[in-house]
Each structure stands twice: as structure tokens, then as C-alpha cells.
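The next block is upload.txt, given as compact mmCIF, C-alpha atoms.
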# COMPACT_ATOMS: atom_id res chain seq x y z
CA MET A 88 6.64 23.38 -37.17
CA PRO A 89 3.36 24.75 -35.80
CA ASP A 90 3.29 27.15 -32.92
CA ARG A 91 3.59 24.60 -30.17
CA PRO A 92 4.99 26.28 -27.09
CA ILE A 93 8.50 25.40 -25.99
CA TYR A 94 9.04 24.56 -22.35
CA PRO A 95 12.70 25.20 -21.54
CA THR A 96 12.59 23.39 -18.17
CA PRO A 97 10.54 20.61 -16.58
CA GLN A 98 9.20 23.21 -14.18
CA ASP A 99 7.90 25.30 -17.10
CA ALA A 100 6.05 22.28 -18.46
CA GLU A 101 4.65 21.48 -15.02
CA THR A 102 3.47 25.04 -14.49
CA ALA A 103 1.73 24.96 -17.88
CA PHE A 104 0.12 21.62 -17.01
CA TYR A 105 -1.45 22.93 -13.80
CA HIS A 106 -2.45 26.21 -15.42
CA ALA A 107 -4.23 24.26 -18.16
CA LEU A 108 -5.86 22.01 -15.55
CA GLU A 109 -7.17 25.00 -13.60
CA HIS A 110 -8.41 26.77 -16.71
CA ALA A 111 -9.84 23.72 -18.50
CA ASP A 112 -7.60 24.64 -21.43
CA LEU A 113 -7.43 21.50 -23.54
CA GLU A 114 -5.03 22.80 -26.19
CA THR A 115 -2.47 23.99 -23.65
CA MET A 116 -2.93 20.78 -21.65
CA MET A 117 -2.19 18.65 -24.69
CA SER A 118 0.73 20.87 -25.74
CA VAL A 119 2.42 19.92 -22.48
CA TRP A 120 2.31 16.20 -23.25
CA ALA A 121 5.02 14.52 -25.30
CA GLU A 122 3.90 13.42 -28.75
CA ASP A 123 4.48 9.80 -28.02
CA GLU A 124 2.19 6.80 -27.95
CA GLU A 125 3.93 5.67 -24.76
CA ILE A 126 2.64 8.57 -22.65
CA VAL A 127 0.68 7.47 -19.59
CA CYS A 128 -1.93 9.18 -17.42
CA VAL A 129 -3.24 7.57 -14.22
CA PHE A 130 -6.25 9.31 -12.65
CA PRO A 131 -7.24 9.27 -8.96
CA GLY A 132 -9.73 6.45 -9.56
CA GLY A 133 -6.83 4.31 -10.73
CA ILE A 134 -7.68 4.28 -14.41
CA ARG A 135 -4.57 4.23 -16.54
CA LEU A 136 -4.72 5.66 -20.04
CA THR A 137 -1.97 5.46 -22.64
CA GLY A 138 -1.42 7.39 -25.83
CA HIS A 139 -2.25 10.87 -27.00
CA ALA A 140 -5.76 10.17 -28.28
CA ALA A 141 -7.07 8.47 -25.14
CA ILE A 142 -5.49 11.02 -22.84
CA ARG A 143 -6.83 13.93 -24.88
CA ALA A 144 -10.33 12.46 -24.89
CA ALA A 145 -10.23 12.01 -21.10
CA TRP A 146 -9.17 15.58 -20.40
CA GLN A 147 -11.77 16.80 -22.86
CA ARG A 148 -14.50 14.99 -20.92
CA ILE A 149 -13.15 16.29 -17.62
CA PHE A 150 -12.99 19.88 -18.86
CA GLN A 151 -16.51 19.71 -20.31
CA ARG A 152 -17.90 18.67 -16.98
CA GLY A 153 -17.64 21.50 -14.64
CA PRO A 154 -16.73 24.89 -13.39
CA GLY A 155 -13.05 24.18 -13.22
CA LEU A 156 -10.70 23.32 -10.45
CA LYS A 157 -8.38 25.17 -8.14
CA VAL A 158 -5.10 23.40 -7.50
CA ARG A 159 -2.59 24.38 -4.84
CA LEU A 160 0.72 22.54 -4.88
CA SER A 161 3.08 21.79 -2.01
CA ALA A 162 6.12 19.74 -1.02
CA PRO A 163 7.69 19.10 -4.42
CA THR A 164 10.45 16.54 -4.98
CA ALA A 165 12.59 16.00 -8.07
CA ILE A 166 14.91 13.37 -9.49
CA VAL A 167 16.66 14.77 -12.53
CA THR A 168 18.83 13.25 -15.28
CA PRO A 169 19.98 15.13 -18.40
CA LEU A 170 16.97 14.01 -20.45
CA SER A 171 14.34 13.30 -17.82
CA ALA A 172 12.88 14.65 -14.60
CA ALA A 173 10.64 12.75 -12.20
CA HIS A 174 8.73 15.11 -9.95
CA THR A 175 6.29 14.40 -7.16
CA VAL A 176 4.04 17.00 -5.59
CA LEU A 177 1.05 17.18 -3.27
CA GLN A 178 -2.02 18.56 -5.06
CA HIS A 179 -4.68 20.29 -2.98
CA VAL A 180 -7.65 20.31 -5.35
CA SER A 181 -10.98 22.04 -4.92
CA LEU A 182 -13.89 22.99 -7.12
CA ARG A 183 -13.54 26.55 -8.30
CA ASN A 184 -17.08 27.46 -7.19
CA ASP A 185 -17.11 25.41 -4.01
CA GLU A 186 -13.90 25.29 -2.08
CA SER A 187 -15.48 23.15 0.62
CA THR A 188 -15.31 20.27 -1.85
CA HIS A 189 -11.70 19.36 -1.94
CA ALA A 190 -9.29 16.47 -2.05
CA GLN A 191 -5.62 15.96 -1.53
CA HIS A 192 -3.65 14.04 -4.11
CA VAL A 193 -0.09 12.98 -4.57
CA ALA A 194 1.13 13.28 -8.14
CA THR A 195 4.12 11.89 -9.98
CA ASN A 196 4.98 13.86 -13.11
CA VAL A 197 7.70 12.53 -15.41
CA PHE A 198 9.09 14.89 -18.03
CA VAL A 199 11.38 14.07 -20.95
CA ARG A 200 13.57 16.41 -22.94
CA GLY A 201 13.13 16.43 -26.69
CA ALA A 202 13.61 18.68 -29.70
CA LEU A 203 10.87 21.01 -28.43
CA GLY A 204 12.09 21.34 -24.88
CA TRP A 205 10.55 19.44 -21.98
CA ARG A 206 7.26 17.55 -22.23
CA LEU A 207 5.14 15.56 -19.84
CA ALA A 208 5.43 11.82 -20.46
CA LEU A 209 3.70 10.42 -17.38
CA HIS A 210 1.19 11.79 -14.86
CA HIS A 211 0.15 9.50 -12.03
CA VAL A 212 -2.11 10.96 -9.41
CA SER A 213 -3.70 9.22 -6.45
CA LEU A 214 -5.65 10.15 -3.36
CA ALA A 215 -3.55 11.13 -0.38
CA PRO A 216 -4.52 11.36 3.28
CA PRO A 217 -5.67 14.81 4.45
CA ASP A 218 -2.48 15.40 6.38
CA SER A 219 0.91 14.35 5.11
CA ALA A 220 1.90 12.64 8.35
CA GLN A 221 4.09 9.69 7.57
CA ASP A 222 2.14 6.78 8.97
CA VAL A 223 2.47 3.04 8.57
CA PRO A 224 1.67 2.47 4.91
CA LYS A 225 -0.69 -0.20 3.67
CA VAL A 226 0.51 -2.40 0.85
CA LEU A 227 -2.77 -4.26 0.40
CA HIS A 228 -5.46 -1.68 0.81
CA MET B 1035 32.57 -1.25 -2.70
CA PRO B 1036 30.45 -3.83 -0.81
CA ASP B 1037 28.67 -6.62 -2.58
CA ARG B 1038 25.65 -4.68 -3.71
CA PRO B 1039 24.10 -6.39 -6.69
CA ILE B 1040 24.37 -4.73 -10.08
CA TYR B 1041 21.23 -4.44 -12.17
CA PRO B 1042 22.28 -4.11 -15.81
CA THR B 1043 18.82 -3.05 -17.03
CA PRO B 1044 15.76 -1.33 -15.53
CA GLN B 1045 13.91 -4.61 -16.00
CA ASP B 1046 16.47 -6.43 -13.86
CA ALA B 1047 15.97 -3.90 -11.07
CA GLU B 1048 12.19 -4.17 -11.40
CA THR B 1049 12.30 -7.97 -11.27
CA ALA B 1050 14.44 -7.80 -8.12
CA PHE B 1051 12.00 -5.31 -6.57
CA TYR B 1052 8.99 -7.56 -7.02
CA HIS B 1053 10.94 -10.65 -5.95
CA ALA B 1054 11.95 -8.86 -2.76
CA LEU B 1055 8.36 -7.70 -2.23
CA GLU B 1056 7.02 -11.24 -2.58
CA HIS B 1057 9.69 -12.71 -0.32
CA ALA B 1058 9.71 -9.95 2.30
CA ASP B 1059 13.44 -9.61 1.63
CA LEU B 1060 14.40 -6.24 3.07
CA GLU B 1061 18.06 -6.29 2.07
CA THR B 1062 17.31 -7.09 -1.57
CA MET B 1063 14.46 -4.59 -1.57
CA MET B 1064 16.74 -1.82 -0.37
CA SER B 1065 19.54 -2.85 -2.76
CA VAL B 1066 17.17 -2.04 -5.60
CA TRP B 1067 16.69 1.55 -4.48
CA ALA B 1068 19.08 4.31 -5.50
CA GLU B 1069 21.25 5.62 -2.67
CA ASP B 1070 19.78 9.06 -2.88
CA GLU B 1071 17.86 11.18 -0.43
CA GLU B 1072 15.52 12.18 -3.26
CA ILE B 1073 14.05 8.70 -3.69
CA VAL B 1074 10.27 8.60 -3.28
CA CYS B 1075 7.82 5.85 -2.41
CA VAL B 1076 4.04 6.40 -2.54
CA PHE B 1077 1.96 3.59 -1.03
CA PRO B 1078 -1.65 2.67 -1.95
CA GLY B 1079 -3.02 4.68 0.97
CA GLY B 1080 -1.42 7.76 -0.56
CA ILE B 1081 1.36 8.19 1.96
CA ARG B 1082 4.49 9.55 0.32
CA LEU B 1083 7.84 8.77 1.89
CA THR B 1084 11.16 10.24 0.81
CA GLY B 1085 14.73 9.17 1.53
CA HIS B 1086 16.39 5.86 2.20
CA ALA B 1087 15.80 5.71 5.95
CA ALA B 1088 12.05 6.36 5.86
CA ILE B 1089 11.50 4.02 2.94
CA ARG B 1090 13.55 1.27 4.55
CA ALA B 1091 11.64 1.60 7.81
CA ALA B 1092 8.31 1.38 5.98
CA TRP B 1093 9.22 -1.79 4.10
CA GLN B 1094 10.59 -3.27 7.30
CA ARG B 1095 7.24 -2.71 9.04
CA ILE B 1096 5.37 -4.13 6.05
CA PHE B 1097 7.56 -7.21 5.86
CA GLN B 1098 7.27 -7.86 9.61
CA ARG B 1099 3.54 -7.86 9.39
CA GLY B 1100 2.46 -10.86 7.51
CA PRO B 1101 2.78 -13.98 5.53
CA GLY B 1102 3.97 -12.29 2.42
CA LEU B 1103 2.34 -11.26 -0.79
CA LYS B 1104 1.90 -12.73 -4.22
CA VAL B 1105 2.20 -10.22 -7.03
CA ARG B 1106 1.27 -10.87 -10.63
CA LEU B 1107 2.14 -8.14 -13.12
CA SER B 1108 0.47 -7.26 -16.41
CA ALA B 1109 0.28 -4.61 -19.11
CA PRO B 1110 3.68 -2.94 -18.70
CA THR B 1111 4.55 0.38 -20.35
CA ALA B 1112 7.95 2.07 -20.59
CA ILE B 1113 9.36 5.49 -21.42
CA VAL B 1114 13.13 5.24 -21.70
CA THR B 1115 15.93 7.79 -21.96
CA PRO B 1116 19.65 6.94 -21.76
CA LEU B 1117 19.82 7.46 -17.99
CA SER B 1118 16.24 6.87 -16.89
CA ALA B 1119 13.27 4.60 -17.43
CA ALA B 1120 9.70 5.29 -16.34
CA HIS B 1121 7.66 2.11 -16.22
CA THR B 1122 4.04 1.55 -15.34
CA VAL B 1123 2.51 -1.83 -14.64
CA LEU B 1124 -0.67 -3.31 -13.23
CA GLN B 1125 -0.03 -5.20 -9.99
CA HIS B 1126 -2.42 -7.97 -9.00
CA VAL B 1127 -1.63 -8.44 -5.32
CA SER B 1128 -2.90 -11.14 -2.98
CA LEU B 1129 -1.95 -12.49 0.41
CA ARG B 1130 0.26 -15.54 0.04
CA ASN B 1131 -1.90 -17.62 2.41
CA ASP B 1132 -5.26 -16.26 1.26
CA GLU B 1133 -5.60 -15.57 -2.41
CA SER B 1134 -9.21 -14.51 -1.99
CA THR B 1135 -7.87 -11.30 -0.43
CA HIS B 1136 -6.55 -9.38 -3.32
CA ALA B 1137 -6.29 -5.94 -4.83
CA GLN B 1138 -5.33 -4.46 -8.14
CA HIS B 1139 -2.87 -1.61 -8.22
CA VAL B 1140 -1.29 0.53 -10.87
CA ALA B 1141 2.37 1.24 -10.25
CA THR B 1142 4.80 3.76 -11.66
CA ASN B 1143 8.43 2.73 -11.25
CA VAL B 1144 11.14 5.20 -12.24
CA PHE B 1145 14.68 3.87 -12.58
CA VAL B 1146 17.90 5.83 -12.99
CA ARG B 1147 21.22 4.65 -14.31
CA GLY B 1148 24.27 5.19 -12.13
CA ALA B 1149 27.71 3.76 -11.48
CA LEU B 1150 26.18 0.53 -10.16
CA GLY B 1151 23.73 -0.06 -12.96
CA TRP B 1152 20.04 0.74 -12.72
CA ARG B 1153 18.31 1.57 -9.45
CA LEU B 1154 14.78 2.40 -8.44
CA ALA B 1155 14.31 6.09 -7.72
CA LEU B 1156 10.53 6.34 -7.47
CA HIS B 1157 7.71 3.86 -6.79
CA HIS B 1158 4.16 5.20 -6.86
CA VAL B 1159 1.40 2.68 -6.44
CA SER B 1160 -2.32 3.31 -6.19
CA LEU B 1161 -5.51 1.31 -6.18
CA ALA B 1162 -6.90 0.48 -9.59
CA PRO B 1163 -10.38 -0.65 -10.55
CA PRO B 1164 -10.86 -4.44 -10.75
CA ASP B 1165 -11.02 -4.37 -14.50
CA SER B 1166 -8.81 -2.16 -16.63
CA ALA B 1167 -11.66 -0.84 -18.73
CA GLN B 1168 -10.92 2.71 -19.73
CA ASP B 1169 -13.80 4.61 -18.25
CA VAL B 1170 -14.41 8.29 -17.64
CA PRO B 1171 -11.81 9.23 -15.08
CA LYS B 1172 -12.53 11.26 -11.96
CA VAL B 1173 -10.25 14.18 -11.26
CA LEU B 1174 -11.80 15.06 -7.90
CA HIS B 1175 -12.49 11.75 -6.25
Could you show the structure in this file as C-alpha cells?
Amino acid sequence: MPDRPIYPTPQDAETAFYHALEHADLETMMSVWAEDEEIVCVFPGGIRLTGHAAIRAAWQRIFQRGPGLKVRLSAPTAIVTPLSAAHTVLQHVSLRNDESTHAQHVATNVFVRGALGWRLALHHVSLAPPDSAQDVPKVLH
Amino acid sequence: MPDRPIYPTPQDAETAFYHALEHADLETMMSVWAEDEEIVCVFPGGIRLTGHAAIRAAWQRIFQRGPGLKVRLSAPTAIVTPLSAAHTVLQHVSLRNDESTHAQHVATNVFVRGALGWRLALHHVSLAPPDSAQDVPKVLH
């Protein structure tokens, strides 16, 4: 077995995910993901990618692009079963060199437990309103 | 135990969810959800609601609003563990009385297995591009 890190809890995997995102660290980012062709990543623009190769290529392009991101998290939720954990969290994202450029996202992160601890199986992130006030939602937007 | 329906598979619960959505059927809609204060619903506008009461109130307002929706689903994915299932699916949504008004969404639906079969624990839906072409995703949108 190569030296893939072991994430003993879903929270450990989530922390590694956001650390990799902030530091444009592709190898750590991909070490967080389950080695499964069923893994899914949905980006804020609504594009859904499946499988390790497509998701890796997307993060590679993102990390090549810029100066990196700063991500502050708030208001986590969790639904946990023995072999899975479905988290949601608000992501406050800004450019590392320009904090005036920022966006708020809501993310769903689903982790599964395997032989090598917990891994990310699904990341779905979408734009969220600037404040988290619970307003009348739109179904058809 | 009252006459809550039992959903023997995640797919059964998902089918009931979309049937209830199309038919503005609040009682069936809420029967699909797990009875858990940790349940989460993220609407296309990015508003995240948690807990049975807030989610029920939101669907009630949505269902009171209009003539109902038509939802066609495509391209499902699934990540399954013994007590959970994380699905994604593309939702092609239109107004029942005006099919020219339509939107494409990507949805994550997380189901958990309990004493009464499978229930929805998390629904995260966001706008998706009109075609599903896998393009360079935007992280900061």
C-alpha cells in the first residue's frame, strides 16, 4: 500500500479537503477522494463530474489558474451512519490576494468509510445568498 | 405506529419524493423525509433549511404557489452503503401549464435506512447548465 494518508474520521477528511483546496494541493486533494468510479463532484456552475480521472483533471485546471483561495466555513450539519457521513457547511470563499472578491456557497460533502479510513465520495457545492436568512425558496429559478 | 408508508429501497423513497413534488402532495412529500432534526434541504437559490418544521413549511409555500411542476430525471448516480445511499440526478423541471418555462438542476439526494425503511435525509439541488457538457468548472462563481 502506498503512503496514502488515513483519515480516521469524516471531519479529518473534510479538514484535509479544505486545506488542499486553499493550498492548491492536488495530491492531497485527490487523496481525500474515495478510489471509486462512482464519486461525484458538482461545482458552483452546476457542472457535475463523475469518476476519479475527470474530477482530478478539473481540480488540476482550477489549481493551475490562480493565486489560491481562502475558505472560511460556518454552520456545519451532519447526518452520520456507521459507514457514511453526509455533511453540509457554508463556505465563505475569497481569492487569496483579493478578499474583496468573494462568494458564499453551500456545500454537501458525503464521506464513506473504507479500508483506509474515511474518504470523500460526493462534493456538491452551489451558490448561496449572502446572508443565511431562511427566505421563501425558489424551486424553479 | 401511524400509517406512514414504508419505502423498502432508496429508489422507492426517491420515486415518492418526485411524485409528491410533481403533485404538490405535502403529506407524501413529508412522509419521505426522515424524522430527524438533522435533515437538510438546499433549494436552487442556495437557501439551506434544516429540520422537519422548516422544510415542511417551505414545501407548503411552494406547493401553494402554483400549478405544479413536471420533473423529468436523467443520468442518475449512486453511492451505497448498508445504511445510506447518496444519489445524484439531473432534474429537468418545467411548469405543468407552461413547458416553455423550464430549468435544469442537479440534485443530490441522501437516504438513510431506519426502522421504517429508507427515508430522505438530505436534498441539495442547484442550477445546472442547459447541456451536461463537462466544461471547466468555476470554483468562485
Hey, what's within 12 Å of B:His1121 if we count all atoms listed in the file and toss same-chain stuff fewer than 5 positions away? As an NGL selection string, please?
-> (:A and (125-128 or 173 or 197 or 208-211)) or (:B and (1044-1045 or 1047-1048 or 1108-1115 or 1140-1146 or 1154-1159))
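Between atom CA of B:Gln1138 and atom CA of A:Pro131 lies a distance of 13.9 Å.
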Output as a VMD selection string the set of chain A residues within 6 Å of chain B, with distances taken over only C-alpha atoms.
-> chain A and resid 133 214 to 215
Atom pair atom CA of A:Asp90 / atom CA of A:Lys157: separation (Å) =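 If I compute the distance from atom CA of A:Asp90 to atom CA of A:Lys157, I get 27.5 Å.
Counting from atom CA of A:Glu186, the distance to atom CA of A:Arg159 is 11.7 Å.
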Emit as lines of an AutoDock Vina configuration file the padded axis-aligned box for all listed atoms of stretch 1089-1099 of chain B, 8 Å per side, with centre and edge lengths in Å to one decimal.
center_x = 8.5
center_y = -1.9
center_z = 6.3
size_x = 26.0
size_y = 27.9
size_z = 22.7
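In this comparison, which uses all atoms listed in the file, the residue of A:Val158, A:Thr96, A:Leu203, A:His179 approaching A:Glu109 most closely is A:Val158.
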Show me as a list in words the residues that reach within 9 Å of (11.7, -3.8, -5.7), counting all atoms listed in the file and using the file's own coordinates.
->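 Checked against the point, the hits come out as Ala1047, Glu1048, Thr1049, Ala1050, Phe1051, Tyr1052, His1053, Ala1054, Leu1055, Thr1062, Met1063, Met1064, Ser1065, Val1066, Trp1067, Leu1154 and His1157 of chain B.
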